[in-house]
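Each remark here refers to the structure printed beneath this line.
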Amino acid sequence: AARRGHAEARYNLGVNYRDGRNGMDQDYDQARQYFEIAANQGHAAAQVAVGSLYRNGIGVGQDYEQSRRYFEMAANQGNAEAQYNLGILFRDGNGVEQDDEQARRFFEMSANQNNSDARVALARLNLEGGDYERAIQYVEVAANQGNADEQVALGLYHLGREEYNTARNLFDLATQQDHPEALFIVGLSYEDDDQFDIAERYYERAATLGHADAQYHLALLIEDDHERMLGYLEQAAAQDHPDALFYLGTLYFDSYVVPQDLNRAQEYFQRAAAQGHSEAREALENLPEDMDIDQVHE
């Protein structure tokens, strides 16, 4: 019991140094040292923690073999997170020979302990293997456990089957966790129903989370508010959203909302065209052939 207590205390010190908590300065090397002491005393969470540091190369040189060794120590104690992490190593062939069957074995061990990430990983393995029925089963379980990514994935699956009410319920569940894609999809549905004020609220929540499609659609929805519209278009363009880039190019070409600036128009059209935007390619052809690269029209 005393040994377990010492291991727990050292693990907690490691957490404090790793996360910079409880008055400790963040120090990954110190964190690793405490985790290793606790890990070698059989503390499963410490074994996972130090394994993660080696896997990610944080505070220590990246070493997948060391990572695997610590994950195996914890997995042998039945730790679900370690089992999931071992599955990832085998799936990706890091520190071990790539082996989907071994990955599946560890994912299943972890999933049987209700690890939703492991269920998601199993679903993706089954999708890649063409076993869609089993994939959906795992996605459904993960979604029912509250995994927002899988609620959205399952919602899209039902949407494709035209099971709209089921899909909407799943998207609504994911919006409660501020899942940006779900917020965007629900916003789209409200816009399609001409409920623009509600659509704007959902788009804005998704846009704040960095969802480029939401930023672009929100800009279109509030186009009478020129300052806000430009702000959201620029946010989406910063993520190389092709429609936002094309729209900004059009604004600068037509001198609508902003002063005409053919150089900026050309820049936005080129970036959109590089994303495969056909109208942007046409717009580039319509720019003056003898345009001075420093030319700006006020």
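In the structure tokens, the first chain shown is A, the next is B, and so on; residue numbers restart at 1 for each chain, and ligands run from 1 in the order shown.
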
Write out as a PyMOL selection string all residues of stretch 77-160 of chain A that DSSP puts in alpha helix (DSSP H) for this structure's backbone. chain A and resi 80-92+100-111+116-128+132-144+148-160

Within 6 Å of stretch 272-285 of chain A, counting only C-alpha atoms, which residues show up once you throw out same-chain ones fewer than 6 positions away? Write them as number ranges by chain, please. A: 242, 245-246

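The two atoms in question, atom CA of A:Tyr247 and atom CA of A:Ala219, are spaced 10.1 Å apart.
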
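Residue nearest A:Phe107, chosen from A:Ala153, A:Leu127, A:Ala80, A:Leu188 and counting only C-alpha atoms: A:Ala80.
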
Mind checking which residues fall within 12 Å of A:Ala49, counting only C-alpha atoms, ignoring those fewer than 5 positions away in the same chain, and posting them as a PDB file with all heavy atoms, in the first residue's frame?
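Saved file selection-v2.pdb follows:
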```pdb
ATOM      1  N   TYR A  11       3.413  10.148  -9.576  1.00  0.00           N
ATOM      2  CA  TYR A  11       2.613  10.368 -10.783  1.00  0.00           C
ATOM      3  C   TYR A  11       1.976  11.757 -10.758  1.00  0.00           C
ATOM      4  O   TYR A  11       2.018  12.488 -11.761  1.00  0.00           O
ATOM      5  CB  TYR A  11       1.536   9.299 -10.912  1.00  0.00           C
ATOM      6  CG  TYR A  11       0.486   9.619 -11.945  1.00  0.00           C
ATOM      7  CD1 TYR A  11       0.792   9.588 -13.301  1.00  0.00           C
ATOM      8  CD2 TYR A  11      -0.809   9.989 -11.563  1.00  0.00           C
ATOM      9  CE1 TYR A  11      -0.162   9.908 -14.260  1.00  0.00           C
ATOM     10  CE2 TYR A  11      -1.766  10.301 -12.510  1.00  0.00           C
ATOM     11  CZ  TYR A  11      -1.442  10.267 -13.855  1.00  0.00           C
ATOM     12  OH  TYR A  11      -2.394  10.585 -14.796  1.00  0.00           O
ATOM     13  N   ASN A  12       1.409  12.134  -9.609  1.00  0.00           N
ATOM     14  CA  ASN A  12       0.772  13.452  -9.494  1.00  0.00           C
ATOM     15  C   ASN A  12       1.780  14.582  -9.675  1.00  0.00           C
ATOM     16  O   ASN A  12       1.469  15.612 -10.290  1.00  0.00           O
ATOM     17  CB  ASN A  12       0.062  13.583  -8.146  1.00  0.00           C
ATOM     18  CG  ASN A  12      -1.191  12.723  -8.068  1.00  0.00           C
ATOM     19  OD1 ASN A  12      -1.819  12.436  -9.087  1.00  0.00           O
ATOM     20  ND2 ASN A  12      -1.554  12.294  -6.880  1.00  0.00           N
ATOM     21  N   GLY A  14       4.412  14.347 -11.522  1.00  0.00           N
ATOM     22  CA  GLY A  14       4.660  14.349 -12.961  1.00  0.00           C
ATOM     23  C   GLY A  14       3.592  15.115 -13.718  1.00  0.00           C
ATOM     24  O   GLY A  14       3.894  15.895 -14.634  1.00  0.00           O
ATOM     25  N   VAL A  15       2.330  14.923 -13.327  1.00  0.00           N
ATOM     26  CA  VAL A  15       1.226  15.646 -13.964  1.00  0.00           C
ATOM     27  C   VAL A  15       1.383  17.147 -13.752  1.00  0.00           C
ATOM     28  O   VAL A  15       1.185  17.959 -14.675  1.00  0.00           O
ATOM     29  CB  VAL A  15      -0.126  15.148 -13.419  1.00  0.00           C
ATOM     30  CG1 VAL A  15      -1.264  16.054 -13.900  1.00  0.00           C
ATOM     31  CG2 VAL A  15      -0.378  13.705 -13.854  1.00  0.00           C
ATOM     32  N   ARG A  18       4.163  18.345 -15.988  1.00  0.00           N
ATOM     33  CA  ARG A  18       3.774  18.253 -17.406  1.00  0.00           C
ATOM     34  C   ARG A  18       2.804  19.363 -17.796  1.00  0.00           C
ATOM     35  O   ARG A  18       2.929  19.985 -18.858  1.00  0.00           O
ATOM     36  CB  ARG A  18       3.128  16.899 -17.689  1.00  0.00           C
ATOM     37  CG  ARG A  18       2.734  16.683 -19.161  1.00  0.00           C
ATOM     38  CD  ARG A  18       1.854  15.473 -19.311  1.00  0.00           C
ATOM     39  NE  ARG A  18       0.587  15.652 -18.598  1.00  0.00           N
ATOM     40  CZ  ARG A  18      -0.288  14.670 -18.351  1.00  0.00           C
ATOM     41  NH1 ARG A  18      -0.006  13.430 -18.741  1.00  0.00           N
ATOM     42  NH2 ARG A  18      -1.420  14.912 -17.713  1.00  0.00           N
ATOM     43  N   ASP A  19       1.821  19.643 -16.918  1.00  0.00           N
ATOM     44  CA  ASP A  19       0.763  20.593 -17.249  1.00  0.00           C
ATOM     45  C   ASP A  19       0.990  21.982 -16.654  1.00  0.00           C
ATOM     46  O   ASP A  19       0.187  22.886 -16.914  1.00  0.00           O
ATOM     47  CB  ASP A  19      -0.586  20.052 -16.752  1.00  0.00           C
ATOM     48  CG  ASP A  19      -0.946  18.720 -17.402  1.00  0.00           C
ATOM     49  OD1 ASP A  19      -0.360  18.403 -18.452  1.00  0.00           O
ATOM     50  OD2 ASP A  19      -1.800  18.005 -16.853  1.00  0.00           O
ATOM     51  N   TYR A  28       8.842  19.371 -18.926  1.00  0.00           N
ATOM     52  CA  TYR A  28       8.584  18.022 -19.421  1.00  0.00           C
ATOM     53  C   TYR A  28       9.652  17.019 -18.973  1.00  0.00           C
ATOM     54  O   TYR A  28       9.351  15.840 -18.765  1.00  0.00           O
ATOM     55  CB  TYR A  28       8.471  18.023 -20.944  1.00  0.00           C
ATOM     56  CG  TYR A  28       7.240  18.712 -21.462  1.00  0.00           C
ATOM     57  CD1 TYR A  28       7.325  19.866 -22.231  1.00  0.00           C
ATOM     58  CD2 TYR A  28       5.974  18.204 -21.169  1.00  0.00           C
ATOM     59  CE1 TYR A  28       6.191  20.503 -22.706  1.00  0.00           C
ATOM     60  CE2 TYR A  28       4.823  18.832 -21.644  1.00  0.00           C
ATOM     61  CZ  TYR A  28       4.947  19.982 -22.403  1.00  0.00           C
ATOM     62  OH  TYR A  28       3.819  20.605 -22.861  1.00  0.00           O
ATOM     63  N   ALA A  31       8.795  16.082 -15.529  1.00  0.00           N
ATOM     64  CA  ALA A  31       7.580  15.255 -15.591  1.00  0.00           C
ATOM     65  C   ALA A  31       7.947  13.826 -15.981  1.00  0.00           C
ATOM     66  O   ALA A  31       7.486  12.860 -15.350  1.00  0.00           O
ATOM     67  CB  ALA A  31       6.602  15.847 -16.603  1.00  0.00           C
ATOM     68  N   ARG A  32       8.786  13.697 -17.011  1.00  0.00           N
ATOM     69  CA  ARG A  32       9.172  12.361 -17.459  1.00  0.00           C
ATOM     70  C   ARG A  32       9.863  11.578 -16.347  1.00  0.00           C
ATOM     71  O   ARG A  32       9.583  10.384 -16.144  1.00  0.00           O
ATOM     72  CB  ARG A  32      10.104  12.469 -18.668  1.00  0.00           C
ATOM     73  CG  ARG A  32      10.607  11.115 -19.174  1.00  0.00           C
ATOM     74  CD  ARG A  32      11.638  11.282 -20.275  1.00  0.00           C
ATOM     75  NE  ARG A  32      12.755  12.090 -19.879  1.00  0.00           N
ATOM     76  CZ  ARG A  32      13.778  11.668 -19.132  1.00  0.00           C
ATOM     77  NH1 ARG A  32      13.789  10.408 -18.686  1.00  0.00           N
ATOM     78  NH2 ARG A  32      14.767  12.471 -18.814  1.00  0.00           N
ATOM     79  N   GLN A  33      10.742  12.244 -15.605  1.00  0.00           N
ATOM     80  CA  GLN A  33      11.465  11.548 -14.537  1.00  0.00           C
ATOM     81  C   GLN A  33      10.509  11.004 -13.475  1.00  0.00           C
ATOM     82  O   GLN A  33      10.631   9.859 -13.039  1.00  0.00           O
ATOM     83  CB  GLN A  33      12.491  12.487 -13.902  1.00  0.00           C
ATOM     84  CG  GLN A  33      13.649  12.850 -14.833  1.00  0.00           C
ATOM     85  CD  GLN A  33      14.656  13.778 -14.170  1.00  0.00           C
ATOM     86  OE1 GLN A  33      15.049  13.541 -13.032  1.00  0.00           O
ATOM     87  NE2 GLN A  33      15.056  14.825 -14.875  1.00  0.00           N
ATOM     88  N   TYR A  34       9.543  11.836 -13.071  1.00  0.00           N
ATOM     89  CA  TYR A  34       8.590  11.365 -12.064  1.00  0.00           C
ATOM     90  C   TYR A  34       7.678  10.272 -12.628  1.00  0.00           C
ATOM     91  O   TYR A  34       7.368   9.293 -11.943  1.00  0.00           O
ATOM     92  CB  TYR A  34       7.765  12.538 -11.522  1.00  0.00           C
ATOM     93  CG  TYR A  34       8.508  13.344 -10.479  1.00  0.00           C
ATOM     94  CD1 TYR A  34       8.919  14.644 -10.740  1.00  0.00           C
ATOM     95  CD2 TYR A  34       8.807  12.792  -9.235  1.00  0.00           C
ATOM     96  CE1 TYR A  34       9.608  15.382  -9.787  1.00  0.00           C
ATOM     97  CE2 TYR A  34       9.502  13.520  -8.272  1.00  0.00           C
ATOM     98  CZ  TYR A  34       9.895  14.816  -8.556  1.00  0.00           C
ATOM     99  OH  TYR A  34      10.586  15.535  -7.600  1.00  0.00           O
ATOM    100  N   PHE A  35       7.260  10.447 -13.872  1.00  0.00           N
ATOM    101  CA  PHE A  35       6.420   9.405 -14.477  1.00  0.00           C
ATOM    102  C   PHE A  35       7.179   8.074 -14.546  1.00  0.00           C
ATOM    103  O   PHE A  35       6.604   7.010 -14.289  1.00  0.00           O
ATOM    104  CB  PHE A  35       5.999   9.821 -15.891  1.00  0.00           C
ATOM    105  CG  PHE A  35       4.927  10.873 -15.954  1.00  0.00           C
ATOM    106  CD1 PHE A  35       4.893  11.796 -16.995  1.00  0.00           C
ATOM    107  CD2 PHE A  35       3.934  10.950 -14.993  1.00  0.00           C
ATOM    108  CE1 PHE A  35       3.903  12.754 -17.077  1.00  0.00           C
ATOM    109  CE2 PHE A  35       2.933  11.919 -15.056  1.00  0.00           C
ATOM    110  CZ  PHE A  35       2.934  12.826 -16.099  1.00  0.00           C
ATOM    111  N   GLU A  36       8.465   8.121 -14.913  1.00  0.00           N
ATOM    112  CA  GLU A  36       9.235   6.884 -15.052  1.00  0.00           C
ATOM    113  C   GLU A  36       9.405   6.175 -13.707  1.00  0.00           C
ATOM    114  O   GLU A  36       9.326   4.946 -13.632  1.00  0.00           O
ATOM    115  CB  GLU A  36      10.588   7.169 -15.699  1.00  0.00           C
ATOM    116  CG  GLU A  36      10.473   7.443 -17.193  1.00  0.00           C
ATOM    117  CD  GLU A  36      11.827   7.582 -17.876  1.00  0.00           C
ATOM    118  OE1 GLU A  36      12.816   7.929 -17.183  1.00  0.00           O
ATOM    119  OE2 GLU A  36      11.884   7.358 -19.101  1.00  0.00           O
ATOM    120  N   ILE A  37       9.623   6.964 -12.646  1.00  0.00           N
ATOM    121  CA  ILE A  37       9.752   6.344 -11.320  1.00  0.00           C
ATOM    122  C   ILE A  37       8.450   5.637 -10.954  1.00  0.00           C
ATOM    123  O   ILE A  37       8.446   4.474 -10.528  1.00  0.00           O
ATOM    124  CB  ILE A  37      10.114   7.404 -10.261  1.00  0.00           C
ATOM    125  CG1 ILE A  37      11.517   7.958 -10.513  1.00  0.00           C
ATOM    126  CG2 ILE A  37      10.027   6.801  -8.855  1.00  0.00           C
ATOM    127  CD1 ILE A  37      11.852   9.177  -9.672  1.00  0.00           C
ATOM    128  N   ALA A  38       7.326   6.354 -11.151  1.00  0.00           N
ATOM    129  CA  ALA A  38       6.026   5.754 -10.820  1.00  0.00           C
ATOM    130  C   ALA A  38       5.722   4.578 -11.739  1.00  0.00           C
ATOM    131  O   ALA A  38       5.174   3.558 -11.298  1.00  0.00           O
ATOM    132  CB  ALA A  38       4.926   6.811 -10.924  1.00  0.00           C
ATOM    133  N   ALA A  39       6.087   4.714 -13.017  1.00  0.00           N
ATOM    134  CA  ALA A  39       5.823   3.640 -13.975  1.00  0.00           C
ATOM    135  C   ALA A  39       6.571   2.375 -13.596  1.00  0.00           C
ATOM    136  O   ALA A  39       6.026   1.268 -13.658  1.00  0.00           O
ATOM    137  CB  ALA A  39       6.233   4.090 -15.384  1.00  0.00           C
ATOM    138  N   HIS A  43       2.697   1.764 -11.736  1.00  0.00           N
ATOM    139  CA  HIS A  43       1.550   2.681 -11.822  1.00  0.00           C
ATOM    140  C   HIS A  43       1.115   2.788 -13.284  1.00  0.00           C
ATOM    141  O   HIS A  43       1.839   3.338 -14.128  1.00  0.00           O
ATOM    142  CB  HIS A  43       1.948   4.051 -11.277  1.00  0.00           C
ATOM    143  CG  HIS A  43       0.805   4.977 -11.012  1.00  0.00           C
ATOM    144  ND1 HIS A  43       0.099   5.591 -12.021  1.00  0.00           N
ATOM    145  CD2 HIS A  43       0.233   5.391  -9.849  1.00  0.00           C
ATOM    146  CE1 HIS A  43      -0.838   6.361 -11.492  1.00  0.00           C
ATOM    147  NE2 HIS A  43      -0.780   6.250 -10.171  1.00  0.00           N
ATOM    148  N   ALA A  44      -0.069   2.280 -13.608  1.00  0.00           N
ATOM    149  CA  ALA A  44      -0.501   2.173 -15.010  1.00  0.00           C
ATOM    150  C   ALA A  44      -0.662   3.535 -15.678  1.00  0.00           C
ATOM    151  O   ALA A  44      -0.249   3.727 -16.832  1.00  0.00           O
ATOM    152  CB  ALA A  44      -1.803   1.379 -15.100  1.00  0.00           C
ATOM    153  N   TYR A  54       7.206   9.699 -24.885  1.00  0.00           N
ATOM    154  CA  TYR A  54       8.138   9.102 -25.852  1.00  0.00           C
ATOM    155  C   TYR A  54       7.518   9.038 -27.244  1.00  0.00           C
ATOM    156  O   TYR A  54       8.193   9.261 -28.250  1.00  0.00           O
ATOM    157  CB  TYR A  54       8.557   7.704 -25.390  1.00  0.00           C
ATOM    158  CG  TYR A  54       9.691   7.707 -24.390  1.00  0.00           C
ATOM    159  CD1 TYR A  54       9.472   7.352 -23.066  1.00  0.00           C
ATOM    160  CD2 TYR A  54      10.970   8.068 -24.780  1.00  0.00           C
ATOM    161  CE1 TYR A  54      10.522   7.358 -22.140  1.00  0.00           C
ATOM    162  CE2 TYR A  54      12.027   8.079 -23.863  1.00  0.00           C
ATOM    163  CZ  TYR A  54      11.797   7.723 -22.550  1.00  0.00           C
ATOM    164  OH  TYR A  54      12.832   7.732 -21.642  1.00  0.00           O
ATOM    165  N   ARG A  55       6.236   8.724 -27.333  1.00  0.00           N
ATOM    166  CA  ARG A  55       5.588   8.634 -28.642  1.00  0.00           C
ATOM    167  C   ARG A  55       5.586   9.989 -29.348  1.00  0.00           C
ATOM    168  O   ARG A  55       5.831  10.088 -30.554  1.00  0.00           O
ATOM    169  CB  ARG A  55       4.147   8.148 -28.481  1.00  0.00           C
ATOM    170  CG  ARG A  55       3.370   8.091 -29.803  1.00  0.00           C
ATOM    171  CD  ARG A  55       1.886   7.883 -29.541  1.00  0.00           C
ATOM    172  NE  ARG A  55       1.344   8.962 -28.732  1.00  0.00           N
ATOM    173  CZ  ARG A  55       0.206   8.889 -28.053  1.00  0.00           C
ATOM    174  NH1 ARG A  55      -0.497   7.782 -28.066  1.00  0.00           N
ATOM    175  NH2 ARG A  55      -0.228   9.920 -27.356  1.00  0.00           N
ATOM    176  N   ASN A  56       5.305  11.059 -28.587  1.00  0.00           N
ATOM    177  CA  ASN A  56       5.164  12.380 -29.186  1.00  0.00           C
ATOM    178  C   ASN A  56       6.465  13.172 -29.203  1.00  0.00           C
ATOM    179  O   ASN A  56       6.506  14.268 -29.765  1.00  0.00           O
ATOM    180  CB  ASN A  56       4.089  13.175 -28.436  1.00  0.00           C
ATOM    181  CG  ASN A  56       2.729  12.508 -28.520  1.00  0.00           C
ATOM    182  OD1 ASN A  56       2.376  11.928 -29.547  1.00  0.00           O
ATOM    183  ND2 ASN A  56       1.956  12.576 -27.441  1.00  0.00           N
ATOM    184  N   ILE A  58       8.024  14.596 -26.609  1.00  0.00           N
ATOM    185  CA  ILE A  58       7.870  15.776 -25.766  1.00  0.00           C
ATOM    186  C   ILE A  58       8.788  15.634 -24.551  1.00  0.00           C
ATOM    187  O   ILE A  58       8.631  14.724 -23.744  1.00  0.00           O
ATOM    188  CB  ILE A  58       6.411  15.951 -25.304  1.00  0.00           C
ATOM    189  CG1 ILE A  58       5.509  16.179 -26.517  1.00  0.00           C
ATOM    190  CG2 ILE A  58       6.286  17.114 -24.323  1.00  0.00           C
ATOM    191  CD1 ILE A  58       4.039  16.239 -26.174  1.00  0.00           C
ATOM    192  N   SER A  67       8.072   3.953 -26.211  1.00  0.00           N
ATOM    193  CA  SER A  67       6.636   4.225 -26.054  1.00  0.00           C
ATOM    194  C   SER A  67       5.865   2.920 -25.984  1.00  0.00           C
ATOM    195  O   SER A  67       5.033   2.709 -25.087  1.00  0.00           O
ATOM    196  CB  SER A  67       6.152   5.071 -27.234  1.00  0.00           C
ATOM    197  OG  SER A  67       4.762   5.258 -27.183  1.00  0.00           O
ATOM    198  N   ARG A  68       6.154   2.010 -26.910  1.00  0.00           N
ATOM    199  CA  ARG A  68       5.463   0.724 -26.929  1.00  0.00           C
ATOM    200  C   ARG A  68       5.710  -0.051 -25.636  1.00  0.00           C
ATOM    201  O   ARG A  68       4.803  -0.665 -25.072  1.00  0.00           O
ATOM    202  CB  ARG A  68       5.933  -0.109 -28.117  1.00  0.00           C
ATOM    203  CG  ARG A  68       5.197  -1.432 -28.257  1.00  0.00           C
ATOM    204  CD  ARG A  68       5.903  -2.374 -29.204  1.00  0.00           C
ATOM    205  NE  ARG A  68       7.157  -2.811 -28.622  1.00  0.00           N
ATOM    206  CZ  ARG A  68       8.040  -3.567 -29.261  1.00  0.00           C
ATOM    207  NH1 ARG A  68       7.837  -3.954 -30.502  1.00  0.00           N
ATOM    208  NH2 ARG A  68       9.165  -3.929 -28.667  1.00  0.00           N
ATOM    209  N   TYR A  70       6.290   1.005 -22.604  1.00  0.00           N
ATOM    210  CA  TYR A  70       5.491   1.505 -21.482  1.00  0.00           C
ATOM    211  C   TYR A  70       4.001   1.241 -21.687  1.00  0.00           C
ATOM    212  O   TYR A  70       3.278   0.895 -20.752  1.00  0.00           O
ATOM    213  CB  TYR A  70       5.757   2.995 -21.259  1.00  0.00           C
ATOM    214  CG  TYR A  70       7.051   3.256 -20.513  1.00  0.00           C
ATOM    215  CD1 TYR A  70       8.169   3.753 -21.166  1.00  0.00           C
ATOM    216  CD2 TYR A  70       7.140   2.968 -19.157  1.00  0.00           C
ATOM    217  CE1 TYR A  70       9.356   3.976 -20.483  1.00  0.00           C
ATOM    218  CE2 TYR A  70       8.324   3.192 -18.458  1.00  0.00           C
ATOM    219  CZ  TYR A  70       9.432   3.693 -19.123  1.00  0.00           C
ATOM    220  OH  TYR A  70      10.597   3.900 -18.434  1.00  0.00           O
ATOM    221  N   PHE A  71       3.532   1.389 -22.938  1.00  0.00           N
ATOM    222  CA  PHE A  71       2.115   1.091 -23.195  1.00  0.00           C
ATOM    223  C   PHE A  71       1.819  -0.386 -22.913  1.00  0.00           C
ATOM    224  O   PHE A  71       0.759  -0.719 -22.378  1.00  0.00           O
ATOM    225  CB  PHE A  71       1.747   1.432 -24.640  1.00  0.00           C
ATOM    226  CG  PHE A  71       1.678   2.908 -24.939  1.00  0.00           C
ATOM    227  CD1 PHE A  71       1.967   3.391 -26.218  1.00  0.00           C
ATOM    228  CD2 PHE A  71       1.312   3.822 -23.964  1.00  0.00           C
ATOM    229  CE1 PHE A  71       1.899   4.744 -26.506  1.00  0.00           C
ATOM    230  CE2 PHE A  71       1.243   5.189 -24.240  1.00  0.00           C
ATOM    231  CZ  PHE A  71       1.545   5.641 -25.511  1.00  0.00           C
ATOM    232  N   MET A  73       3.290  -2.283 -20.730  1.00  0.00           N
ATOM    233  CA  MET A  73       3.257  -2.475 -19.280  1.00  0.00           C
ATOM    234  C   MET A  73       1.868  -2.134 -18.735  1.00  0.00           C
ATOM    235  O   MET A  73       1.300  -2.864 -17.910  1.00  0.00           O
ATOM    236  CB  MET A  73       4.326  -1.602 -18.603  1.00  0.00           C
ATOM    237  CG  MET A  73       5.757  -2.040 -18.886  1.00  0.00           C
ATOM    238  SD  MET A  73       7.005  -0.777 -18.451  1.00  0.00           S
ATOM    239  CE  MET A  73       6.819  -0.713 -16.672  1.00  0.00           C
ATOM    240  N   ALA A  74       1.304  -1.023 -19.217  1.00  0.00           N
ATOM    241  CA  ALA A  74      -0.012  -0.609 -18.732  1.00  0.00           C
ATOM    242  C   ALA A  74      -1.118  -1.487 -19.307  1.00  0.00           C
ATOM    243  O   ALA A  74      -2.085  -1.829 -18.611  1.00  0.00           O
ATOM    244  CB  ALA A  74      -0.266   0.852 -19.097  1.00  0.00           C
ATOM    245  N   ASN A  79      -5.220  -1.555 -18.750  1.00  0.00           N
ATOM    246  CA  ASN A  79      -5.502  -0.131 -18.950  1.00  0.00           C
ATOM    247  C   ASN A  79      -6.022   0.108 -20.372  1.00  0.00           C
ATOM    248  O   ASN A  79      -5.328  -0.168 -21.355  1.00  0.00           O
ATOM    249  CB  ASN A  79      -4.227   0.688 -18.697  1.00  0.00           C
ATOM    250  CG  ASN A  79      -4.465   2.182 -18.805  1.00  0.00           C
ATOM    251  OD1 ASN A  79      -4.548   2.727 -19.891  1.00  0.00           O
ATOM    252  ND2 ASN A  79      -4.571   2.839 -17.659  1.00  0.00           N
ATOM    253  N   GLU A  81      -6.675   2.880 -22.071  1.00  0.00           N
ATOM    254  CA  GLU A  81      -5.990   3.904 -22.868  1.00  0.00           C
ATOM    255  C   GLU A  81      -4.712   3.341 -23.473  1.00  0.00           C
ATOM    256  O   GLU A  81      -4.376   3.608 -24.629  1.00  0.00           O
ATOM    257  CB  GLU A  81      -5.688   5.126 -22.005  1.00  0.00           C
ATOM    258  CG  GLU A  81      -5.109   6.291 -22.792  1.00  0.00           C
ATOM    259  CD  GLU A  81      -4.858   7.525 -21.946  1.00  0.00           C
ATOM    260  OE1 GLU A  81      -5.204   7.511 -20.748  1.00  0.00           O
ATOM    261  OE2 GLU A  81      -4.300   8.502 -22.482  1.00  0.00           O
ATOM    262  N   ALA A  82      -3.981   2.535 -22.678  1.00  0.00           N
ATOM    263  CA  ALA A  82      -2.754   1.923 -23.183  1.00  0.00           C
ATOM    264  C   ALA A  82      -3.064   0.944 -24.312  1.00  0.00           C
ATOM    265  O   ALA A  82      -2.344   0.879 -25.316  1.00  0.00           O
ATOM    266  CB  ALA A  82      -2.029   1.210 -22.041  1.00  0.00           C
ATOM    267  N   ASN A  85      -3.684   2.975 -27.362  1.00  0.00           N
ATOM    268  CA  ASN A  85      -2.445   3.537 -27.891  1.00  0.00           C
ATOM    269  C   ASN A  85      -1.593   2.481 -28.592  1.00  0.00           C
ATOM    270  O   ASN A  85      -0.949   2.758 -29.607  1.00  0.00           O
ATOM    271  CB  ASN A  85      -1.648   4.201 -26.769  1.00  0.00           C
ATOM    272  CG  ASN A  85      -2.259   5.520 -26.331  1.00  0.00           C
ATOM    273  OD1 ASN A  85      -2.902   6.211 -27.115  1.00  0.00           O
ATOM    274  ND2 ASN A  85      -2.072   5.876 -25.074  1.00  0.00           N
TER     275      ASN A  85
END
```

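Atom CA of A:Thr208 is found 24.0 Å from atom CA of A:Val258.
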
Taking into account only C-alpha atoms, which residue in the set A:Asp261, A:Asp117, A:Asp92, A:Glu128 is nearest to A:Val141? A:Asp117

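Counting from atom CA of A:Phe184, the distance to atom CA of A:Glu200 is 9.8 Å.
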
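In this comparison, which uses only C-alpha atoms, the residue of A:Ala9, A:Leu159, A:Ala174, A:Met24 approaching A:Asn147 most closely is A:Ala174.
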
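In this comparison, which uses only C-alpha atoms, the residue of A:Ala167, A:Ala142, A:Ala265, A:Ile136 approaching A:Asn114 most closely is A:Ala142.
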